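A quick write-up on the structure given underneath.
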Amino acid sequence: MRVVQVRCPRCGRPSFSKLRDSMVFCEDCRTLHTVTDAGPVVIEHEIGDFARELPMRKVHMPFWRLFSSVNILSETVSGGWVARLMSAASGGSRSGNLFIFVPAVDLPPPVYKYWAQTLTTNPPQYRSVERFTAERLPTTIDEESARKLADFLILSFEAEKPGVLQDIRYEVAVQHSRLIYLPFYEQGGQYQPGF
Ligand SMILES: [Zn+2]
């Protein structure tokens with residue numbers, strides 16, 4: 001595997017970055033950053049702690065948590081996923097804010113969609129820690145791609161429930177993003193939450 005040397009943009013500590021992982025974590029000052037053509041960019045992040053111990057491989061899986069405003073313009077049949085979510089979040093109005101969780105790691109498409117939908121529907125509760133306590137999975141999806149995927153993911157959640165909703169029009173605007181590393185157990189390609 002090829003590695004490149006990078007320097008922490010905050011404290012200058014040199015570290016090595018595996019090319020497959022676009023994120024670099026400084027062990028000295030706990031800054032997470034990514035390297036762009038314009039130079040290093042510090043990434044706001046959180047690391048979720050393991051709430052239980054299981055005899056399986058432990059990993060920290062990255063998700064882009066996009067704080068988003070959603071505005072439902074129209075829907076022909078009520079009861080769709082976005083509509084229900086918005087209604088719960090804002091007491092029945094047609095617009096409101098929600099956290100959209102977009103996996104930042106390569107996963108098989110069904111697994112990818114499952115975690116996006118599960119975590120967006122039920123935002124995870126976790127205790128934050130300052131350092132990684134397990135293997136950090138590589139971030140392969142950048143924030144810009146995550147923003148584009150968010151819209152598509154919401155639509156796919158709806159489209160997969162035929163008969164529930166025939167048509168929906170909405171706008172999504174991402175207000176703020178953060179990379180959240182959630183604790184998971186892995187066995188045979190199956191992931192189980194550790195939070
Ligand atoms: Zn540093």
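Each chain in the structure tokens gets a letter, A, B, ..., in the order shown, and its residues are numbered from 1; ligands are numbered from 1 in order too.
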
- Could you tell me, counting only C-alpha atoms and all ligand atoms, which protein and nucleic acid residues lie no more than 8 Å from ligand 1, written as a PyMOL selection string? chain A and resi 7-13+25-31

Selection above as a file: C-alpha atoms, as a short mmCIF file (atom, residue, chain, number, x, y, z; two decimals), in the first residue's frame:
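Generated output (part20.cif):
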```
data_model
loop_
_atom_site.label_atom_id
_atom_site.label_comp_id
_atom_site.auth_asym_id
_atom_site.auth_seq_id
_atom_site.Cartn_x
_atom_site.Cartn_y
_atom_site.Cartn_z
CA ARG A 7 1.67 17.40 8.43
CA CYS A 8 -1.02 18.27 10.93
CA PRO A 9 -2.35 21.73 9.97
CA ARG A 10 -2.72 22.63 13.66
CA CYS A 11 0.44 21.41 15.39
CA GLY A 12 2.72 20.45 12.52
CA ARG A 13 3.21 16.85 13.61
CA PHE A 25 -5.89 11.96 12.44
CA CYS A 26 -3.21 13.68 14.50
CA GLU A 27 -2.42 11.63 17.60
CA ASP A 28 -0.87 14.68 19.30
CA CYS A 29 -3.62 17.31 19.06
CA ARG A 30 -6.54 15.11 17.86
CA THR A 31 -7.11 17.17 14.73
#
```

Exercise. Identify all residues of range 50-194 of chain A in strand (DSSP E) (DSSP on the backbone) and supply them as number ranges by chain.
Key: A: 57-75, 95-103, 128-129, 135-136, 168-187, 190-193

Export of the given selection (C-alpha atoms) as a JSON list (two decimals), in the first residue's frame:
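In the end it all went to result-v4.json:
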```json
[["chain", "number", "residue", "atom", "x", "y", "z"],
["A", 57, "ARG", "CA", -13.79, -7.21, 15.44],
["A", 58, "LYS", "CA", -14.26, -3.60, 16.55],
["A", 59, "VAL", "CA", -14.24, -0.73, 14.05],
["A", 60, "HIS", "CA", -15.02, 2.98, 13.96],
["A", 61, "MET", "CA", -17.10, 3.56, 10.86],
["A", 62, "PRO", "CA", -17.26, 7.13, 9.43],
["A", 63, "PHE", "CA", -20.56, 8.78, 8.55],
["A", 64, "TRP", "CA", -21.19, 12.27, 7.23],
["A", 65, "ARG", "CA", -23.85, 13.71, 9.50],
["A", 66, "LEU", "CA", -25.55, 16.41, 7.47],
["A", 67, "PHE", "CA", -27.72, 18.84, 9.41],
["A", 68, "SER", "CA", -30.28, 19.60, 6.73],
["A", 69, "SER", "CA", -33.38, 21.66, 6.15],
["A", 70, "VAL", "CA", -36.07, 19.75, 4.31],
["A", 71, "ASN", "CA", -39.03, 21.45, 2.72],
["A", 72, "ILE", "CA", -41.82, 19.28, 1.32],
["A", 73, "LEU", "CA", -43.36, 21.04, -1.65],
["A", 74, "SER", "CA", -45.99, 18.45, -2.47],
["A", 75, "GLU", "CA", -46.91, 14.82, -2.07],
["A", 95, "SER", "CA", -40.62, 21.79, 6.63],
["A", 96, "GLY", "CA", -38.04, 21.28, 9.30],
["A", 97, "ASN", "CA", -34.52, 20.14, 10.07],
["A", 98, "LEU", "CA", -33.08, 16.70, 10.36],
["A", 99, "PHE", "CA", -29.76, 14.91, 10.54],
["A", 100, "ILE", "CA", -29.08, 12.86, 7.42],
["A", 101, "PHE", "CA", -26.48, 10.14, 7.97],
["A", 102, "VAL", "CA", -24.49, 9.24, 4.87],
["A", 103, "PRO", "CA", -21.92, 6.44, 5.20],
["A", 128, "SER", "CA", -17.98, 10.73, 22.61],
["A", 129, "VAL", "CA", -14.34, 9.87, 23.20],
["A", 135, "GLU", "CA", -9.61, 0.27, 13.97],
["A", 136, "ARG", "CA", -10.65, 3.36, 11.99],
["A", 168, "ILE", "CA", -43.19, 13.66, -3.57],
["A", 169, "ARG", "CA", -41.37, 16.90, -4.28],
["A", 170, "TYR", "CA", -39.04, 18.36, -1.73],
["A", 171, "GLU", "CA", -35.94, 20.46, -1.29],
["A", 172, "VAL", "CA", -32.97, 19.54, 0.88],
["A", 173, "ALA", "CA", -30.41, 22.12, 1.96],
["A", 174, "VAL", "CA", -27.40, 20.99, 3.98],
["A", 175, "GLN", "CA", -26.63, 23.56, 6.69],
["A", 176, "HIS", "CA", -23.71, 21.95, 8.44],
["A", 177, "SER", "CA", -21.71, 18.74, 8.25],
["A", 178, "ARG", "CA", -19.58, 16.71, 10.60],
["A", 179, "LEU", "CA", -17.80, 13.37, 10.29],
["A", 180, "ILE", "CA", -19.07, 10.97, 12.96],
["A", 181, "TYR", "CA", -17.15, 7.79, 13.67],
["A", 182, "LEU", "CA", -19.61, 5.27, 15.08],
["A", 183, "PRO", "CA", -18.57, 2.10, 16.89],
["A", 184, "PHE", "CA", -19.50, -1.14, 15.16],
["A", 185, "TYR", "CA", -18.78, -4.82, 15.48],
["A", 186, "GLU", "CA", -18.04, -6.70, 12.30],
["A", 187, "GLN", "CA", -18.32, -10.39, 11.58],
["A", 190, "GLN", "CA", -22.20, -8.02, 8.85],
["A", 191, "TYR", "CA", -22.16, -4.93, 11.04],
["A", 192, "GLN", "CA", -23.69, -4.63, 14.46],
["A", 193, "PRO", "CA", -23.83, -1.30, 16.30]]
```

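Here CA of Pro138 in chain A and CA of Asp21 in chain A stand 4.3 Å from one another.
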
Using only C-alpha atoms, the residue out of A:Gly48, A:Val42, A:Arg94, A:Leu153 with shortest distance to Trp115 in chain A is A:Leu153

I'd like the neighbourhood of Val24 in chain A as a ChimeraX atom specification, where a residue qualifies if any of its atoms comes within 9 Å (using only C-alpha atoms), though same-chain residues fewer than 5 positions away should be ignored.
/A:6,8,15-18,31-35

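Atom pair CA of Ser156 in chain A / CA of Lys113 in chain A: separated by 8.5 Å.
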
request  = Write out as a list in words each polymer residue whose atoms come within 6 Å of Thr139 in chain A, counting only C-alpha atoms; drop sequence neighbours fewer than 3 positions from it.
outcome  = Asp21, Ser22, Ala104 and Val105 of chain A

Selection from above, C-alpha atoms, as a PDB file, in the first residue's frame, can you write it?
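Saved to out-v3.pdb:
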```
ATOM      1  CA  ASP A  21      -8.183   6.851   3.549  1.00  0.00           C
ATOM      2  CA  SER A  22      -8.801  10.528   2.790  1.00  0.00           C
ATOM      3  CA  ALA A 104     -18.462   7.764   4.291  1.00  0.00           C
ATOM      4  CA  VAL A 105     -17.077   4.317   3.648  1.00  0.00           C
TER       5      VAL A 105
END
```

Correct to one decimal, the distance CA of Thr133 in chain A-CA of Phe50 in chain A is 8.5 Å
